[in-house]
$ cat target31.txt   # compact mmCIF, C-alpha atoms
# COMPACT_ATOMS: atom_id res chain seq x y z
CA MET G 782 33.22 -3.03 2.77
CA SER G 783 31.83 0.30 1.64
CA THR G 784 28.53 2.13 1.59
CA TRP G 785 26.66 3.03 -1.61
CA LEU G 786 23.78 5.46 -2.00
CA VAL G 787 21.47 4.35 -4.83
CA VAL G 788 19.08 7.18 -5.64
CA GLY G 789 16.02 6.76 -7.82
CA LEU G 790 14.91 10.09 -9.26
CA GLY G 791 11.19 10.74 -9.52
CA ASN G 792 8.28 12.68 -8.09
CA PRO G 793 6.47 11.55 -4.93
CA GLY G 794 2.82 10.56 -4.75
CA PRO G 795 0.39 8.36 -6.69
CA THR G 796 -0.19 10.97 -9.43
CA TYR G 797 3.34 10.44 -10.73
CA SER G 798 3.99 6.80 -9.86
CA THR G 799 3.38 5.40 -13.37
CA THR G 800 4.96 8.23 -15.40
CA ARG G 801 8.14 8.03 -17.48
CA HIS G 802 9.78 10.59 -15.19
CA ASN G 803 9.54 8.06 -12.34
CA VAL G 804 11.54 5.20 -13.81
CA GLY G 805 14.25 5.91 -11.21
CA PHE G 806 11.75 5.14 -8.42
CA MET G 807 10.69 1.97 -10.26
CA VAL G 808 14.29 0.72 -10.37
CA VAL G 809 15.01 1.26 -6.66
CA ASP G 810 11.61 -0.30 -5.84
CA GLU G 811 12.72 -3.37 -7.81
CA LEU G 812 16.04 -3.47 -5.90
CA ALA G 813 14.17 -3.22 -2.57
CA ARG G 814 11.86 -6.05 -3.71
CA ARG G 815 14.86 -8.27 -4.59
CA ALA G 816 16.50 -7.53 -1.25
CA ARG G 817 13.18 -8.06 0.60
CA VAL G 818 13.51 -4.80 2.49
CA SER G 819 10.81 -2.26 3.20
CA TRP G 820 10.88 1.52 3.01
CA SER G 821 10.94 3.87 5.98
CA ALA G 822 11.11 7.66 6.28
CA PRO G 823 13.98 8.67 8.62
CA ARG G 824 13.27 11.88 10.49
CA GLY G 825 14.48 15.07 8.86
CA MET G 826 15.74 13.36 5.70
CA ARG G 827 12.77 14.08 3.37
CA ALA G 828 13.18 10.72 1.67
CA ASP G 829 12.01 7.13 1.76
CA VAL G 830 14.99 4.92 2.57
CA ALA G 831 15.59 1.16 2.52
CA GLU G 832 18.88 -0.38 3.66
CA THR G 833 20.36 -3.70 2.64
CA ARG G 834 23.65 -5.48 1.98
CA MET G 835 25.10 -6.80 -1.20
CA GLY G 836 27.59 -9.65 -1.36
CA SER G 837 28.78 -11.94 -4.12
CA ALA G 838 25.34 -13.60 -4.32
CA GLY G 839 23.66 -10.28 -5.17
CA ILE G 840 21.56 -7.70 -3.38
CA GLY G 841 20.00 -8.72 -0.08
CA THR G 842 22.79 -11.16 0.77
CA PRO G 843 24.68 -10.46 3.98
CA GLY G 844 28.24 -11.53 4.54
CA VAL G 845 31.57 -10.34 5.88
CA GLU G 846 32.53 -8.78 2.56
CA ALA G 847 29.10 -7.39 1.76
CA ASP G 848 28.75 -3.73 0.83
CA ARG G 849 26.06 -1.63 2.49
CA ILE G 850 23.42 -0.34 0.07
CA VAL G 851 21.17 2.59 0.98
CA LEU G 852 18.26 2.87 -1.47
CA VAL G 853 16.70 6.33 -1.69
CA LYS G 854 13.50 7.85 -3.08
CA PRO G 855 13.46 11.61 -2.34
CA ARG G 856 10.14 12.90 -0.99
CA THR G 857 10.73 16.32 -2.52
CA PHE G 858 9.81 17.05 -6.11
CA MET G 859 12.35 16.20 -8.79
CA ASN G 860 13.93 19.66 -8.96
CA GLU G 861 14.77 19.53 -5.23
CA SER G 862 15.97 15.90 -5.09
CA GLY G 863 19.46 16.95 -4.04
CA GLN G 864 18.28 18.24 -0.65
CA SER G 865 17.64 14.78 0.76
CA VAL G 866 20.47 13.14 -1.19
CA GLY G 867 23.03 15.64 0.11
CA LYS G 868 21.85 15.06 3.70
CA LEU G 869 21.87 11.27 3.38
CA ALA G 870 25.31 11.20 1.71
CA ALA G 871 26.70 13.29 4.60
CA PHE G 872 24.90 11.21 7.24
CA HIS G 873 26.15 7.87 5.86
CA LYS G 874 29.58 9.33 4.92
CA VAL G 875 29.20 8.24 1.29
CA PRO G 876 31.75 9.80 -1.11
CA VAL G 877 30.25 11.35 -4.24
CA GLY G 878 31.78 8.60 -6.42
CA GLN G 879 29.66 6.00 -4.58
CA VAL G 880 26.37 7.76 -5.24
CA ILE G 881 24.43 6.13 -8.10
CA ALA G 882 21.59 8.17 -9.61
CA VAL G 883 19.02 6.31 -11.71
CA HIS G 884 17.09 8.63 -14.01
CA ASP G 885 15.00 8.90 -17.18
CA GLU G 886 16.83 9.92 -20.35
CA LEU G 887 15.05 11.46 -23.37
CA ASP G 888 18.10 11.10 -25.62
CA LEU G 889 18.03 7.30 -25.44
CA ASP G 890 15.28 5.05 -26.80
CA LEU G 891 13.37 2.69 -24.55
CA GLY G 892 15.52 -0.43 -24.29
CA GLN G 893 18.77 1.53 -24.11
CA LEU G 894 20.78 2.04 -20.93
CA ARG G 895 23.96 4.05 -20.46
CA LEU G 896 26.13 3.92 -17.36
CA LYS G 897 28.57 6.74 -16.79
CA LEU G 898 30.49 8.70 -14.18
CA GLY G 899 29.95 12.45 -14.08
CA GLY G 900 28.94 14.58 -17.04
CA GLY G 901 26.45 17.36 -17.60
CA ASP G 902 22.83 17.58 -16.49
CA ASN G 903 21.38 17.72 -20.02
CA GLY G 904 18.47 19.84 -18.77
CA HIS G 905 17.50 17.24 -16.15
CA ASN G 906 16.44 19.14 -13.01
CA GLY G 907 16.96 16.15 -10.73
CA LEU G 908 20.60 15.83 -11.79
CA LYS G 909 21.08 19.58 -11.49
CA SER G 910 19.82 19.50 -7.90
CA LEU G 911 22.06 16.52 -7.02
CA ARG G 912 25.10 18.34 -8.41
CA LYS G 913 24.25 21.43 -6.36
CA HIS G 914 23.75 19.61 -3.04
CA LEU G 915 26.58 17.08 -3.43
CA GLY G 916 28.95 19.87 -4.47
CA SER G 917 30.00 17.88 -7.54
CA GLY G 918 28.59 16.16 -10.61
CA ASP G 919 31.05 13.26 -10.27
CA PHE G 920 28.47 10.70 -9.23
CA LEU G 921 27.56 7.57 -11.17
CA ARG G 922 24.50 7.65 -13.43
CA VAL G 923 22.28 4.93 -14.80
CA ARG G 924 20.56 6.63 -17.75
CA TYR G 925 17.32 4.81 -18.50
CA GLY G 926 16.12 5.51 -22.06
CA ILE G 927 12.51 6.65 -22.42
CA GLY G 928 12.75 8.03 -25.97
CA ARG G 929 11.66 11.38 -27.37
CA PRO G 930 8.07 12.67 -27.37
CA PRO G 931 6.13 12.02 -30.56
CA GLY G 932 5.30 14.87 -32.94
CA ARG G 933 5.15 18.24 -31.27
CA GLN G 934 4.42 17.08 -27.74
CA GLU G 935 6.32 19.08 -25.14
CA PRO G 936 9.04 17.05 -23.35
CA ALA G 937 7.62 18.14 -19.96
CA ASP G 938 4.16 16.78 -20.84
CA TYR G 939 5.67 13.61 -22.24
CA VAL G 940 7.77 12.69 -19.20
CA LEU G 941 4.84 13.37 -16.84
CA ALA G 942 2.33 11.36 -18.88
CA THR G 943 1.37 7.88 -17.67
CA ILE G 944 3.23 5.07 -19.44
CA PRO G 945 0.75 3.62 -21.98
CA SER G 946 -0.46 0.11 -21.18
CA SER G 947 0.96 -1.12 -24.52
CA LEU G 948 4.47 -0.29 -23.25
CA ARG G 949 4.11 -1.47 -19.63
CA SER G 950 5.77 -4.84 -20.17
CA ASP G 951 8.67 -3.20 -22.05
CA PHE G 952 9.20 -0.82 -19.15
CA GLU G 953 9.02 -3.69 -16.64
CA LEU G 954 11.68 -5.56 -18.58
CA GLU G 955 13.91 -2.48 -18.78
CA THR G 956 13.41 -1.70 -15.08
CA GLY G 957 14.73 -5.16 -14.25
CA ARG G 958 17.72 -4.65 -16.54
CA ALA G 959 18.48 -1.24 -14.99
CA ALA G 960 18.34 -2.86 -11.52
CA ASP G 961 20.80 -5.52 -12.78
CA ALA G 962 23.04 -2.70 -14.01
CA VAL G 963 23.04 -1.05 -10.55
CA GLU G 964 24.06 -4.37 -8.99
CA ALA G 965 26.83 -4.73 -11.60
CA LEU G 966 28.13 -1.22 -10.86
CA VAL G 967 28.53 -2.09 -7.18
CA SER G 968 29.91 -5.61 -7.67
CA SER G 969 32.07 -5.24 -10.79
CA GLY G 970 32.85 -1.54 -11.15
CA LEU G 971 32.01 0.97 -13.87
CA GLU G 972 34.01 -0.37 -16.80
CA ALA G 973 32.78 -3.97 -16.53
CA ALA G 974 29.20 -2.79 -16.02
CA GLN G 975 29.46 -0.45 -19.04
CA ASN G 976 30.75 -3.28 -21.24
CA ARG G 977 27.76 -5.35 -20.26
CA TYR G 978 24.92 -2.84 -20.24
CA ASN G 979 25.75 0.18 -22.39
CA SER G 980 23.64 -0.45 -25.44
$ encode --input "target31.txt" --output "structure tokens"
Amino acid sequence: MSTWLVVGLGNPGPTYSTTRHNVGFMVVDELARRARVSWSAPRGMRADVAETRMGSAGIGTPGVEADRIVLVKPRTFMNESGQSVGKLAAFHKVPVGQVIAVHDELDLDLGQLRLKLGGGDNGHNGLKSLRKHLGSGDFLRVRYGIGRPPGRQEPADYVLATIPSSLRSDFELETGRAADAVEALVSSGLEAAQNRYNS
């Protein structure tokens, strides 16, 4: 039985809750919903945290062999996400290879997921902060495709814009698939999960 830290990357507060940059939060919210657990804010951690177990029947199922899953939504802004993640990883004694970061990815179209271990930050400030505070970039990533901005729109404006209502159902579908991919990473390992979800 081991402990996993599943970190959704996003910005706190209602202003950002429906933006493309917050798909990481949406995925861990979906996992918390499946597990029927609620969020709390442990003192000094600067994050919302929900704890559950995951056995062979999926997330939220206890059992002797069940892994412990700590879901995390940092309460700092994206570029400081690593502060709370570093603290929580140390507190729960989670090795860097059992940290899963779920984040938006401009280089993939909506409907594409990529699971990987380690790699660069590709200009993503949340990943950069995680690398800094974990002391390594060798954590697992669930890269959730959001596509490139249209025309000459700045990437920063695009990721912080509200998801248009015409795309809401597509994002809901993809959020569910990304949550499935997180469960697969924990239950089956990276290679099996990649074979299933890397599109």
$ closest_residue --input "target31.txt" --among "G:Asp829, G:Asp961, G:Glu972, G:Glu955" --to "Gln893 of chain G" --atoms "all atoms listed in the file"
G:Glu955
$ closest_residue --input "target31.txt" --among "G:Pro936, G:Gly841, G:Gly928, G:Gly805" --to "Ser862 of chain G" --atoms "only C-alpha atoms"
G:Gly805
$ residues_around --input "target31.txt" --residues "segment 865-880 of chain G" --least-positions-apart "3" --cutoff "10 Å" --atoms "all atoms listed in the file" --output "ChimeraX atom specification"
/G:783-788,823,825-830,851,853-857,861-862,883,898-899,910-922,966-967
$ closest_residue --input "target31.txt" --among "G:Ser947, G:Asn792, G:Thr799, G:Asn976" --to "Lys897 of chain G" --atoms "all atoms listed in the file"
G:Asn976
$ residues_around --input "target31.txt" --residues "Arg895 of chain G" --least-positions-apart "2" --cutoff "8 Å" --atoms "all atoms listed in the file" --output "list in words"
Gln893, Lys897, Arg922, Val923, Arg924, Tyr925, Gln975, Tyr978, Asn979 and Ser980 of chain G
$ atom_distance --input "target31.txt" --atom1 "atom CA of Phe858 of chain G" --atom2 "atom CA of Tyr797 of chain G"
10.3 Å
$ atom_distance --input "target31.txt" --atom1 "atom CA of Tyr939 of chain G" --atom2 "atom CA of Ile881 of chain G"
24.7 Å
$ atom_distance --input "target31.txt" --atom1 "atom CA of Val818 of chain G" --atom2 "atom CA of Asp848 of chain G"
15.4 Å
$ axis_aligned_box --input "target31.txt" --around "segment 934-951 of chain G" --padding-each-side "6 Å" --output "JSON"
{"center_x": 4.3, "center_y": 7.1, "center_z": -22.3, "size_x": 21.5, "size_y": 35.9, "size_z": 22.9}
$ closest_residue --input "target31.txt" --among "G:Thr800, G:Asn860, G:Ser837, G:Ser969" --to "Phe952 of chain G" --atoms "all atoms listed in the file"
G:Thr800
$ residues_around --input "target31.txt" --residues "Ile840 of chain G" --least-positions-apart "3" --cutoff "9 Å" --atoms "all atoms listed in the file" --output "list in words"
Leu812, Ala813, Arg815, Ala816, Thr833, Arg834, Met835, Gly836, Ser837, Pro843, Ile850 and Glu964 of chain G
$ residues_around --input "target31.txt" --residues "Glu811 of chain G" --least-positions-apart "2" --cutoff "8 Å" --atoms "only C-alpha atoms" --output "list in words"
Met807, Val808, Val809, Ala813, Arg814, Arg815, Thr956, Gly957 and Ala960 of chain G
$ closest_residue --input "target31.txt" --among "G:Val804, G:Val845, G:Leu887, G:Met859" --to "Glu953 of chain G" --atoms "only C-alpha atoms"
G:Val804
$ decode --input "target31.txt" --residues "segment 909-956 of chain G" --atoms "C-alpha atoms" --output "mmCIF file, in the first residue's frame"
data_model
loop_
_atom_site.group_PDB
_atom_site.id
_atom_site.type_symbol
_atom_site.label_atom_id
_atom_site.label_comp_id
_atom_site.auth_asym_id
_atom_site.auth_seq_id
_atom_site.Cartn_x
_atom_site.Cartn_y
_atom_site.Cartn_z
ATOM 1 C CA LYS G 909 8.201 25.040 -12.947
ATOM 2 C CA SER G 910 7.155 25.737 -9.351
ATOM 3 C CA LEU G 911 6.553 22.013 -8.652
ATOM 4 C CA ARG G 912 10.013 21.156 -9.973
ATOM 5 C CA LYS G 913 11.576 23.821 -7.757
ATOM 6 C CA HIS G 914 9.830 22.777 -4.535
ATOM 7 C CA LEU G 915 9.990 19.008 -5.087
ATOM 8 C CA GLY G 916 13.670 19.287 -6.005
ATOM 9 C CA SER G 917 13.069 17.277 -9.181
ATOM 10 C CA GLY G 918 10.949 17.233 -12.327
ATOM 11 C CA ASP G 919 10.566 13.443 -12.160
ATOM 12 C CA PHE G 920 6.898 13.468 -11.225
ATOM 13 C CA LEU G 921 4.077 12.029 -13.319
ATOM 14 C CA ARG G 922 2.084 14.380 -15.535
ATOM 15 C CA VAL G 923 -1.379 14.149 -17.022
ATOM 16 C CA ARG G 924 -1.267 16.685 -19.861
ATOM 17 C CA TYR G 925 -4.808 17.785 -20.676
ATOM 18 C CA GLY G 926 -5.033 19.282 -24.182
ATOM 19 C CA ILE G 927 -6.711 22.682 -24.441
ATOM 20 C CA GLY G 928 -5.454 23.629 -27.916
ATOM 21 C CA ARG G 929 -3.764 26.791 -29.133
ATOM 22 C CA PRO G 930 -5.338 30.273 -29.025
ATOM 23 C CA PRO G 931 -7.059 31.351 -32.223
ATOM 24 C CA GLY G 932 -5.518 34.030 -34.443
ATOM 25 C CA ARG G 933 -3.259 36.407 -32.602
ATOM 26 C CA GLN G 934 -4.703 35.972 -29.131
ATOM 27 C CA GLU G 935 -2.021 35.885 -26.449
ATOM 28 C CA PRO G 936 -1.641 32.444 -24.796
ATOM 29 C CA ALA G 937 -1.947 34.072 -21.337
ATOM 30 C CA ASP G 938 -5.304 35.650 -22.256
ATOM 31 C CA TYR G 939 -6.491 32.421 -23.833
ATOM 32 C CA VAL G 940 -5.772 30.144 -20.863
ATOM 33 C CA LEU G 941 -7.397 32.622 -18.446
ATOM 34 C CA ALA G 942 -10.533 33.111 -20.561
ATOM 35 C CA THR G 943 -13.732 31.334 -19.521
ATOM 36 C CA ILE G 944 -14.393 28.119 -21.447
ATOM 37 C CA PRO G 945 -17.082 29.004 -24.040
ATOM 38 C CA SER G 946 -20.472 27.400 -23.407
ATOM 39 C CA SER G 947 -20.267 25.675 -26.821
ATOM 40 C CA LEU G 948 -17.269 23.673 -25.546
ATOM 41 C CA ARG G 949 -18.467 22.951 -21.989
ATOM 42 C CA SER G 950 -19.719 19.443 -22.718
ATOM 43 C CA ASP G 951 -16.467 18.581 -24.541
ATOM 44 C CA PHE G 952 -14.472 19.731 -21.530
ATOM 45 C CA GLU G 953 -16.736 17.757 -19.168
ATOM 46 C CA LEU G 954 -16.169 14.631 -21.230
ATOM 47 C CA GLU G 955 -12.403 15.175 -21.291
ATOM 48 C CA THR G 956 -12.301 15.919 -17.555
#
